[in-house]
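Taking it in order: structure first as structure tokens, then the write-up.
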Amino acid sequence: MSPSTTDHVEIYKYNHPTGGWGSLKSLIRKARGEGLLMSGIWSTLLKQNKADGYMCVSCSWAKPAEPRPFEFCENGAKATMWDQTKRCCGPAFFAAHPINELLDWPDHDLEKQGRLLEPMRYNEVTDKYEPIAWETAFRDIGAELNRLDPKSVVFYTSGRASLEASFMYQLFARIYGSGNLPDSSNMCHESTSVGLPESIGSPVGTVQLEDFSRCDLMFFFGHNTGVSAPRLLHPIEEARQRGIPVITFNPLPERGLKRFKNPQNPVEMLSPGPGTRMSSDFYQIRGGGDIAAMTGIAKAVLALDDAAKQTGAPRVLDIAFIEEHTHGFEEFEAYLRRTPWQRIEARSGIARADLEHVADIYSKASAVIGNYGMGLTQHRHGTENVHMLCNLLLMRGNVGKKGAGVSPLRGHSNVQGQRTVGISEKPELVPLDKFAEFYNFEPPREKGRDTVETCEGVIDGSVKAFIGLGGNFVRAVPETGLVEEAWRHLRLHVQIATKLNRSHLIPGAVTYLLPCLSRIEKDVQRSGEQHVSVEDSTACIHGSFGSRPPVGPNLLSEPRIVAELAKATVAAKSSIPWDEWVADYSRVRDEIERCYPDHFRDFNKRFLAPGGFHRDIKASKRVWQTPNKKANFKPPTMLETDPDIDASRSDVLTLITVRSNDQFNTTIYGYRDRLRGIDGTRMVLMMNEDDIRRMGLSDGQEIDLESAAGDNVKRRVRRLRVTPYPIPRGDCAGYYPELNPLIPLWHRAEKAHVPAAKSVPVRVVMPE
């Protein structure tokens, strides 16, 4: 595969705010590049994240009931332009390019070819995709599936698929006999889905959008808001303008939580100032030092409470809340008292005085939101990171009241919602008895495969078939080299997609590429125009209404494709009227309501309302759905988030994989990471200047990077540019997914199996 780079590389210092003129210029450049500058794309964007419009196809941040005139961000607009490009990738393209040639193209160039137009089947003799009729494809896929053991078949879902498509898809898989239903959450926030239920009894956060206007303090841990959820910058800016402290911990000084200039505020845009200072306090934590930092804050809060007891002042701890609502505080208190400051400072990289300062601010706040991203979840002890943030919030009763709570900032637009409607490999999370009763089939009851277990099954040969409802699975997972090599031994490989990506180029014995409508496009079925729904990261359900004409006449919707596959495979094995559901998606929503009545009461009425409706999250009402009916303090086992990795050797660095502001997940829009000042390439290794000197390297030098996992498996990424960057000594950073080949499959969260991509041991080596 050719490196993700161009002929013109420029590294510079970017001191401008997030947003501002840089954001507007970026969108104009992107619109021109997709042939959309003088098109109707701008009127389309006016409908993005609006009650009568479509929900963004990229991030899952909340959609307000009273939207701004422009309720889209730079990355959300790029996603829409990328989706609605005038370029098309039809049969003529595939006739001209064999797969072996395309395998050498970088990710950006593959998706740049445009929207897929026709169903295709891979021909091993010609090494090309060739057109096939929809009816033939469905019939042949069904026949292939019925020759396989269902337990050897994986049904993967990316975060793009709607609630309706996801619900139908998981029913299809279960009727077929497979519980292998991994999704993209397995790669990012599964540590949340495992950790939060143990702490507060909810797999999702407790914060709603309106809480951001009620809080008097925000924490941010391990989240690059300016890239991953830029619309969240608006409530942060509003909070800062109210004088609310925003305290941020992150290994990289990301611009989004440094400075922001609101593109929707003409006065702000025209002013010469640097924009709003977004973090009142910014602490550059060592990679993986979050447990230590939160331990230090909590230890200092405990000391403040001790002092208050001695002087008779009001208690700093919320004793009434702790006694009524929690369990395990005594054990957590003992952990704090026995953990020495010296170890806390060494592991976090933050001075005791700074952590005590944070504790002082926290002790005076009455409504605190704890925001976090994959900087907490993608570690071996990722669930303990989540527990520790909950511990910190529970100390002062900051869960289950207005303006306060835990706020996991999830990624893809419906990744949380898919779990809500049954996309899960864990049978205990799914109403299997209802499915059996309502649809007259017996679902499998054993645990299925998650994402990492799917990769292991592909490598050892126990997985025989893979069906992907969106996504770029092979490119997104760790251990890329071994997975790609083994992937070719699959019997069946089916991808449902809008654009070409690398996963489509790794064929099995039988491989199909099925093009689908985008959420932005009109979806007309037998009963008329259809709408779909999604769940945002605050557990709010919204309708999404496509308005653009389909880019081609032969595209089918995701629900239609799922239904046709089910009819071809399991037609007589349930009582589901697949054709009726596809004819009218409101029938699917009625069934979702029937299976999940607590969350989806009056679904078809409420999802159309501006702002949607919130799921019934019990923890937000201080009802704890844990085994002991309490919120639980859970002390960590140690300060180290990745204890099995020895990064103490002088030649080993800890790699943190990151996204640029010109990408979303594995989708690479371009080579301009403006906010980090890296232009023209993605093949960089960001290093501390002291480490560069210590290792005898120089700025701009080309090096290779090897895994230092100590398992005798050779993993190497070649031709990276040494790039000085303000990152803690001993840490380095580079782009996802280019550096995924360095991550062992076993290097994952202990309970959640999330790849530990924020703490990867690596070694710099000279090119061979």
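Going by the structure tokens order, chains are called A, B, ..., each with residues numbered from 1, while ligands are numbered from 1 in the order shown.
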- Please provide as a list in words all residues within 10 Å of A:Ala346, with the sequence filter that same-chain residues fewer than 4 positions apart are discarded (counting only C-alpha atoms). Arg286, Gly289, Ala292, Ala293, Trp341, Gln342, Ile350, Ala351 and Arg352 of chain A
May I have the residues from that selection written out with N, CA, C and O atoms, as a compact mmCIF listing (two decimals), in the first residue's frame?
# COMPACT_ATOMS: atom_id res chain seq x y z
N ARG A 286 0.77 12.69 31.02
CA ARG A 286 1.48 11.62 30.32
C ARG A 286 0.47 10.63 29.76
O ARG A 286 -0.59 10.39 30.35
N GLY A 289 -1.78 8.32 31.93
CA GLY A 289 -1.66 8.81 33.31
C GLY A 289 -2.95 9.27 33.93
O GLY A 289 -2.94 9.91 35.00
N ALA A 292 -3.89 8.04 37.53
CA ALA A 292 -3.05 8.73 38.51
C ALA A 292 -3.54 10.16 38.75
O ALA A 292 -3.62 10.61 39.90
N ALA A 293 -3.86 10.87 37.67
CA ALA A 293 -4.32 12.26 37.83
C ALA A 293 -5.63 12.32 38.61
O ALA A 293 -5.79 13.14 39.52
N TRP A 341 1.83 10.51 47.04
CA TRP A 341 1.87 11.58 46.04
C TRP A 341 3.03 11.39 45.06
O TRP A 341 2.92 11.74 43.89
N GLN A 342 4.12 10.87 45.53
CA GLN A 342 5.28 10.70 44.65
C GLN A 342 4.92 9.83 43.44
O GLN A 342 5.29 10.14 42.30
N ILE A 350 2.00 15.29 36.35
CA ILE A 350 1.42 16.55 36.81
C ILE A 350 1.81 16.77 38.28
O ILE A 350 1.75 15.84 39.09
N ALA A 351 2.17 17.98 38.61
CA ALA A 351 2.64 18.30 39.96
C ALA A 351 1.50 18.22 40.97
O ALA A 351 0.34 18.51 40.66
N ARG A 352 1.86 17.85 42.18
CA ARG A 352 0.87 17.78 43.27
C ARG A 352 0.13 19.11 43.42
O ARG A 352 -1.10 19.12 43.59
At a cut-off of 7 Å, can you tabulate as a tab-separated table every residue of stretch 648-755 of chain A near stretch 379-391 of chain A together with its closest atom pair and the distance in Å to one decimal, using only C-alpha atoms and ordering rows by chain then number?
residue	atom	partner	partner_atom	distance
A:His747	CA	A:Arg380	CA	6.8
A:Arg748	CA	A:Arg380	CA	5.2
A:Ala749	CA	A:Arg380	CA	3.9
A:Glu750	CA	A:Arg380	CA	5.5
- Message: With DSSP run on the backbone, what are the strand (DSSP E) residues within stretch 68-208 of chain A? I'd like them as number ranges by chain.
- Response: A: 88-89, 115-116, 120-123, 128-131, 153-157
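Candidate residues A:Asn49, A:Asn740, A:Asn712, A:Ser366 were compared for distance to A:Lys402, and the nearest is A:Ser366, using only C-alpha atoms.
Going from atom CA of A:Thr498 over to atom CA of A:Gly114, you cover 8.5 Å.
Distance check against A:Arg676 using only C-alpha atoms: of A:Tyr735, A:Tyr585, A:Tyr169, A:Tyr129, the minimum falls on A:Tyr735.
Ranking A:Ala77, A:Leu409, A:Val477, A:Ile247 by their shortest atom-to-atom distance to A:Met374, with only C-alpha atoms included, puts A:Leu409 first.
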- Query: Residues at most 8 Å from A:Gly226, counting only C-alpha atoms, excluding those fewer than 3 positions away in the same chain, as a ChimeraX atom specification?
  - Reply: /A:18,229-230,233,254-257,661
Keeping only N, CA and C atoms, take the residues you just selected and write them out as an mmCIF file, in the first residue's frame.
data_model
loop_
_atom_site.group_PDB
_atom_site.id
_atom_site.type_symbol
_atom_site.label_atom_id
_atom_site.label_comp_id
_atom_site.auth_asym_id
_atom_site.auth_seq_id
_atom_site.Cartn_x
_atom_site.Cartn_y
_atom_site.Cartn_z
ATOM 1 N N THR A 18 -9.426 27.059 16.816
ATOM 2 C CA THR A 18 -10.319 26.158 16.099
ATOM 3 C C THR A 18 -11.500 26.970 15.585
ATOM 4 N N ALA A 229 -15.840 16.108 17.978
ATOM 5 C CA ALA A 229 -17.219 16.582 18.217
ATOM 6 C C ALA A 229 -17.240 18.100 18.233
ATOM 7 N N PRO A 230 -16.930 18.739 17.083
ATOM 8 C CA PRO A 230 -16.755 20.196 17.087
ATOM 9 C C PRO A 230 -17.985 20.993 17.501
ATOM 10 N N LEU A 233 -18.144 22.452 20.900
ATOM 11 C CA LEU A 233 -17.413 23.678 21.209
ATOM 12 C C LEU A 233 -18.357 24.836 21.542
ATOM 13 N N GLU A 254 -4.338 19.924 22.107
ATOM 14 C CA GLU A 254 -5.235 20.055 20.957
ATOM 15 C C GLU A 254 -5.907 21.423 20.947
ATOM 16 N N ARG A 255 -5.995 22.009 19.751
ATOM 17 C CA ARG A 255 -6.465 23.388 19.625
ATOM 18 C C ARG A 255 -7.919 23.571 20.055
ATOM 19 N N GLY A 256 -8.749 22.541 19.873
ATOM 20 C CA GLY A 256 -10.170 22.697 20.178
ATOM 21 C C GLY A 256 -10.447 23.035 21.623
ATOM 22 N N LEU A 257 -9.624 22.585 22.529
ATOM 23 C CA LEU A 257 -9.807 22.917 23.940
ATOM 24 C C LEU A 257 -8.777 23.934 24.416
ATOM 25 N N ASN A 661 -7.749 16.560 11.683
ATOM 26 C CA ASN A 661 -9.018 17.255 11.482
ATOM 27 C C ASN A 661 -9.444 17.202 10.018
#
Show me, as a compact mmCIF listing (two decimals) with C-alpha atoms, in the first residue's frame, the residues that have an atom within 12 Å of A:Phe172 when counting only C-alpha atoms, minus same-chain residues fewer than 5 positions from it.
# COMPACT_ATOMS: atom_id res chain seq x y z
CA GLY A 142 -28.41 -16.68 0.76
CA LEU A 145 -24.94 -18.64 4.01
CA PRO A 150 -24.11 -19.92 11.46
CA VAL A 154 -20.04 -12.62 11.59
CA PHE A 155 -22.56 -9.79 11.10
CA ALA A 165 -31.69 -1.05 9.73
CA SER A 166 -29.81 -2.15 12.86
CA PHE A 167 -32.88 -3.71 14.47
CA GLY A 177 -28.49 -18.68 14.07
CA SER A 178 -25.58 -16.33 14.67
CA GLY A 179 -24.96 -14.23 17.77
CA ASN A 180 -21.79 -12.78 16.26
CA LEU A 181 -22.85 -9.12 16.17
CA GLY A 422 -29.99 -5.24 19.77
CA ILE A 423 -26.62 -5.02 18.01
CA PHE A 435 -37.77 -11.90 20.06
CA TYR A 439 -41.26 -13.48 15.83
CA PHE A 441 -37.99 -18.35 16.26
CA PRO A 443 -32.46 -17.13 18.97
CA PRO A 444 -29.01 -18.42 19.93
CA ILE A 467 -21.12 -9.47 6.34
CA PRO A 559 -33.34 -1.77 5.41
CA ILE A 561 -30.88 -4.81 1.51
CA VAL A 562 -31.16 -6.41 4.96
CA ALA A 563 -34.70 -7.59 4.23
CA GLU A 564 -33.78 -9.07 0.86
CA LEU A 565 -30.82 -10.93 2.37
CA ALA A 566 -33.09 -12.26 5.12
CA LYS A 567 -35.71 -13.38 2.61
CA ALA A 568 -33.06 -15.19 0.59
CA THR A 569 -31.59 -16.87 3.66
CA VAL A 570 -34.23 -17.38 6.40
CA ALA A 571 -37.55 -16.70 4.66
CA ALA A 572 -39.54 -19.43 6.42
CA LYS A 573 -37.75 -19.39 9.77
CA SER A 574 -39.70 -16.59 11.49
CA SER A 575 -42.99 -14.74 11.30
CA ILE A 576 -41.40 -11.41 10.34
CA PRO A 577 -43.13 -9.80 7.34
CA TRP A 578 -39.97 -8.42 5.77
- Have a look at atom CA of A:Gln530 and atom CA of A:Phe607 and let me know their distance in Å, one decimal. 13.6 Å
- Name the residues in contact with A:Leu393 at a cut-off of 9 Å, using only C-alpha atoms, excluding same-chain residues fewer than 2 positions from it; report them as a ChimeraX atom specification. /A:368-370,388-391,395-399,404-406
I need the residues from that last selection saved to file as a tab-separated table (two decimals), in the first residue's frame (with N, CA and C atoms), if you can.
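File out_4.tsv, as written:
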chain	number	residue	atom	x	y	z
A	368	VAL	N	-21.20	19.42	38.22
A	368	VAL	CA	-19.98	19.15	37.46
A	368	VAL	C	-20.23	18.06	36.43
A	369	ILE	N	-19.78	18.31	35.21
A	369	ILE	CA	-19.88	17.33	34.13
A	369	ILE	C	-18.49	16.76	33.86
A	370	GLY	N	-18.41	15.44	33.81
A	370	GLY	CA	-17.16	14.76	33.47
A	370	GLY	C	-17.22	14.21	32.07
A	388	MET	N	-12.83	5.29	37.57
A	388	MET	CA	-12.18	6.33	38.36
A	388	MET	C	-12.84	7.68	38.15
A	389	LEU	N	-13.26	7.97	36.92
A	389	LEU	CA	-13.98	9.22	36.70
A	389	LEU	C	-15.31	9.20	37.46
A	390	CYS	N	-16.00	8.06	37.43
A	390	CYS	CA	-17.24	7.96	38.21
A	390	CYS	C	-16.97	8.15	39.70
A	391	ASN	N	-15.89	7.54	40.21
A	391	ASN	CA	-15.54	7.74	41.62
A	391	ASN	C	-15.41	9.22	41.96
A	395	MET	N	-17.99	11.32	44.59
A	395	MET	CA	-17.53	11.90	45.86
A	395	MET	C	-18.33	13.14	46.25
A	396	ARG	N	-18.77	13.90	45.26
A	396	ARG	CA	-19.53	15.12	45.55
A	396	ARG	C	-20.95	15.08	44.97
A	397	GLY	N	-21.44	13.87	44.73
A	397	GLY	CA	-22.84	13.73	44.31
A	397	GLY	C	-23.13	14.27	42.93
A	398	ASN	N	-22.14	14.20	42.04
A	398	ASN	CA	-22.31	14.80	40.71
A	398	ASN	C	-22.81	13.81	39.66
A	399	VAL	N	-23.70	12.94	40.06
A	399	VAL	CA	-24.42	12.07	39.13
A	399	VAL	C	-25.89	12.09	39.54
A	404	ALA	N	-25.11	18.14	35.97
A	404	ALA	CA	-23.99	17.29	36.40
A	404	ALA	C	-24.14	15.90	35.81
A	405	GLY	N	-23.03	15.17	35.79
A	405	GLY	CA	-23.10	13.77	35.36
A	405	GLY	C	-21.88	13.35	34.57
A	406	VAL	N	-21.93	12.10	34.15
A	406	VAL	CA	-20.85	11.53	33.37
A	406	VAL	C	-21.23	11.58	31.90
- Query: Got a sec: who's within 12 Å of A:Gly670, counting only C-alpha atoms, leaving out chain neighbours fewer than 4 positions off, as a ChimeraX atom specification?
  - Reply: /A:4-6,26-27,29-30,33-34,75,78-79,82,106-112,659-664,666,674,678-682
Written file, previous selection with N, CA, C and O atoms, as a short mmCIF file (atom, residue, chain, number, x, y, z; two decimals), in the first residue's frame:
data_model
loop_
_atom_site.label_atom_id
_atom_site.label_comp_id
_atom_site.auth_asym_id
_atom_site.auth_seq_id
_atom_site.Cartn_x
_atom_site.Cartn_y
_atom_site.Cartn_z
N SER A 4 0.47 7.29 2.85
CA SER A 4 -0.53 8.36 2.83
C SER A 4 0.20 9.70 2.86
O SER A 4 0.30 10.36 3.89
N THR A 5 0.72 10.09 1.69
CA THR A 5 1.50 11.31 1.64
C THR A 5 1.40 11.92 0.24
O THR A 5 0.88 11.28 -0.69
N THR A 6 1.85 13.15 0.11
CA THR A 6 1.84 13.85 -1.17
C THR A 6 3.25 14.33 -1.48
O THR A 6 4.18 14.14 -0.70
N SER A 26 -11.37 25.88 4.78
CA SER A 26 -11.27 24.44 4.59
C SER A 26 -12.51 23.89 3.89
O SER A 26 -12.42 23.04 2.99
N LEU A 27 -13.70 24.39 4.27
CA LEU A 27 -14.93 23.91 3.64
C LEU A 27 -15.04 24.35 2.18
O LEU A 27 -15.50 23.58 1.33
N ARG A 29 -12.53 24.88 0.20
CA ARG A 29 -11.57 24.03 -0.51
C ARG A 29 -12.14 22.64 -0.75
O ARG A 29 -12.01 22.06 -1.83
N LYS A 30 -12.83 22.10 0.25
CA LYS A 30 -13.39 20.75 0.13
C LYS A 30 -14.54 20.74 -0.87
O LYS A 30 -14.65 19.80 -1.69
N GLY A 33 -13.12 20.76 -4.29
CA GLY A 33 -12.49 19.49 -4.62
C GLY A 33 -13.48 18.40 -4.98
O GLY A 33 -13.16 17.48 -5.73
N GLU A 34 -14.71 18.49 -4.46
CA GLU A 34 -15.73 17.49 -4.76
C GLU A 34 -16.68 17.94 -5.86
O GLU A 34 -17.69 17.28 -6.12
N ASN A 75 -16.10 19.31 10.32
CA ASN A 75 -15.99 17.91 9.95
C ASN A 75 -17.32 17.32 9.52
O ASN A 75 -17.37 16.44 8.65
N LYS A 78 -17.76 18.37 5.98
CA LYS A 78 -16.89 17.56 5.12
C LYS A 78 -17.51 16.19 4.87
O LYS A 78 -17.45 15.66 3.75
N ALA A 79 -18.09 15.61 5.91
CA ALA A 79 -18.72 14.29 5.75
C ALA A 79 -19.86 14.35 4.74
O ALA A 79 -20.02 13.44 3.91
N TRP A 82 -18.33 14.80 1.25
CA TRP A 82 -17.69 13.54 0.86
C TRP A 82 -18.76 12.54 0.42
O TRP A 82 -18.58 11.79 -0.54
N PRO A 106 -3.70 4.55 -1.54
CA PRO A 106 -3.98 4.95 -0.16
C PRO A 106 -5.47 5.12 0.08
O PRO A 106 -6.27 5.25 -0.85
N ASP A 107 -5.85 5.14 1.35
CA ASP A 107 -7.27 5.21 1.74
C ASP A 107 -7.99 6.39 1.08
O ASP A 107 -9.11 6.26 0.58
N HIS A 108 -7.36 7.55 1.12
CA HIS A 108 -7.99 8.76 0.57
C HIS A 108 -8.34 8.57 -0.90
O HIS A 108 -9.44 8.92 -1.34
N ASP A 109 -7.42 8.01 -1.67
CA ASP A 109 -7.65 7.88 -3.11
C ASP A 109 -8.76 6.90 -3.44
O ASP A 109 -9.49 7.08 -4.42
N LEU A 110 -8.93 5.87 -2.63
CA LEU A 110 -10.00 4.90 -2.87
C LEU A 110 -11.36 5.56 -2.70
O LEU A 110 -12.22 5.49 -3.58
N GLU A 111 -11.58 6.21 -1.56
CA GLU A 111 -12.88 6.84 -1.32
C GLU A 111 -13.11 8.04 -2.24
O GLU A 111 -14.25 8.39 -2.55
N LYS A 112 -12.03 8.66 -2.68
CA LYS A 112 -12.12 9.82 -3.56
C LYS A 112 -12.79 9.48 -4.90
O LYS A 112 -13.29 10.37 -5.59
N ARG A 659 -6.46 11.08 15.41
CA ARG A 659 -7.09 11.45 14.15
C ARG A 659 -6.67 12.87 13.78
O ARG A 659 -6.38 13.69 14.64
N SER A 660 -6.70 13.15 12.49
CA SER A 660 -6.46 14.53 12.04
C SER A 660 -7.80 15.24 11.89
O SER A 660 -8.86 14.61 11.94
N ASN A 661 -7.75 16.56 11.68
CA ASN A 661 -9.02 17.25 11.48
C ASN A 661 -9.44 17.20 10.02
O ASN A 661 -10.38 17.88 9.61
N ASP A 662 -8.79 16.33 9.24
CA ASP A 662 -9.19 16.10 7.85
C ASP A 662 -9.57 14.63 7.65
O ASP A 662 -9.34 14.05 6.59
N GLN A 663 -10.15 14.03 8.70
CA GLN A 663 -10.61 12.66 8.61
C GLN A 663 -11.75 12.44 9.58
O GLN A 663 -11.96 13.21 10.52
N PHE A 664 -12.50 11.36 9.37
CA PHE A 664 -13.44 10.86 10.36
C PHE A 664 -13.29 9.35 10.40
O PHE A 664 -13.54 8.66 9.41
N THR A 666 -11.92 5.98 9.76
CA THR A 666 -11.00 5.56 8.70
C THR A 666 -11.18 6.34 7.41
O THR A 666 -10.46 6.10 6.43
N ARG A 674 -4.73 20.77 9.74
CA ARG A 674 -4.48 22.19 9.97
C ARG A 674 -4.21 22.49 11.44
O ARG A 674 -3.32 23.29 11.78
N ILE A 678 0.27 20.15 10.18
CA ILE A 678 0.87 19.09 9.37
C ILE A 678 0.11 19.02 8.06
O ILE A 678 -1.07 18.70 8.03
N ASP A 679 0.79 19.32 6.97
CA ASP A 679 0.13 19.45 5.67
C ASP A 679 0.86 18.58 4.64
O ASP A 679 2.08 18.61 4.53
N GLY A 680 0.08 17.79 3.89
CA GLY A 680 0.64 17.05 2.78
C GLY A 680 1.02 15.62 3.09
O GLY A 680 1.44 14.89 2.18
N THR A 681 0.89 15.19 4.34
CA THR A 681 1.26 13.81 4.68
C THR A 681 0.54 13.37 5.95
O THR A 681 0.16 14.20 6.79
N ARG A 682 0.37 12.07 6.05
CA ARG A 682 -0.11 11.44 7.28
C ARG A 682 0.97 10.51 7.87
O ARG A 682 0.77 9.95 8.93
#
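Proximity to A:Arg715 at 8 Å, evaluated using only C-alpha atoms and with sequence-adjacent residues fewer than 3 positions away removed, yields Gly481, Glu706, Ser707, Pro741 and Leu742 of chain A.
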Could you dump the residues just selected with N, CA, C and O atoms as an mmCIF file, in the first residue's frame?
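File produced: result.cif:
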data_model
loop_
_atom_site.group_PDB
_atom_site.id
_atom_site.type_symbol
_atom_site.label_atom_id
_atom_site.label_comp_id
_atom_site.auth_asym_id
_atom_site.auth_seq_id
_atom_site.Cartn_x
_atom_site.Cartn_y
_atom_site.Cartn_z
ATOM 1 N N GLY A 481 -1.731 -6.556 9.568
ATOM 2 C CA GLY A 481 -1.044 -7.464 8.652
ATOM 3 C C GLY A 481 -1.571 -8.880 8.726
ATOM 4 O O GLY A 481 -1.905 -9.495 7.695
ATOM 5 N N GLU A 706 8.622 0.120 14.882
ATOM 6 C CA GLU A 706 8.343 -1.282 15.152
ATOM 7 C C GLU A 706 7.608 -1.437 16.477
ATOM 8 O O GLU A 706 7.785 -0.641 17.402
ATOM 9 N N SER A 707 6.800 -2.483 16.549
ATOM 10 C CA SER A 707 6.188 -2.853 17.818
ATOM 11 C C SER A 707 7.264 -3.304 18.787
ATOM 12 O O SER A 707 8.221 -3.982 18.422
ATOM 13 N N PRO A 741 -1.199 -1.381 12.306
ATOM 14 C CA PRO A 741 -0.426 -2.631 12.236
ATOM 15 C C PRO A 741 0.507 -2.855 13.419
ATOM 16 O O PRO A 741 0.972 -3.980 13.620
ATOM 17 N N LEU A 742 0.777 -1.816 14.219
ATOM 18 C CA LEU A 742 1.689 -1.951 15.353
ATOM 19 C C LEU A 742 1.005 -2.444 16.617
ATOM 20 O O LEU A 742 1.676 -2.735 17.618
#
- Test item, alpha helix (DSSP H) assignment across stretch 366-520 of chain A, answer as a VMD selection string: chain A and resid 374 to 377 382 to 395 415 to 420 432 to 439 451 to 460 473 to 476 480 to 487
- Message: Considering only C-alpha atoms, can you say which of A:Gly275, A:Gly222, A:Pro597, A:Gly710 comes closest to A:His16?
- Response: A:Gly275
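The interatomic distance for the pair atom CA of A:Gly468 and atom CA of A:Asn123 works out to 19.4 Å.
Between A:Ser533 and the candidates A:Phe93, A:Tyr335, A:Tyr54, A:Tyr671, the tightest atom-to-atom separation, counting only C-alpha atoms, involves A:Tyr54.
You can rank A:Thr377, A:Ser193, A:Ser537, A:Asn632 by their closest distance to A:His223 using only C-alpha atoms, and at the top of that list sits A:Thr377.
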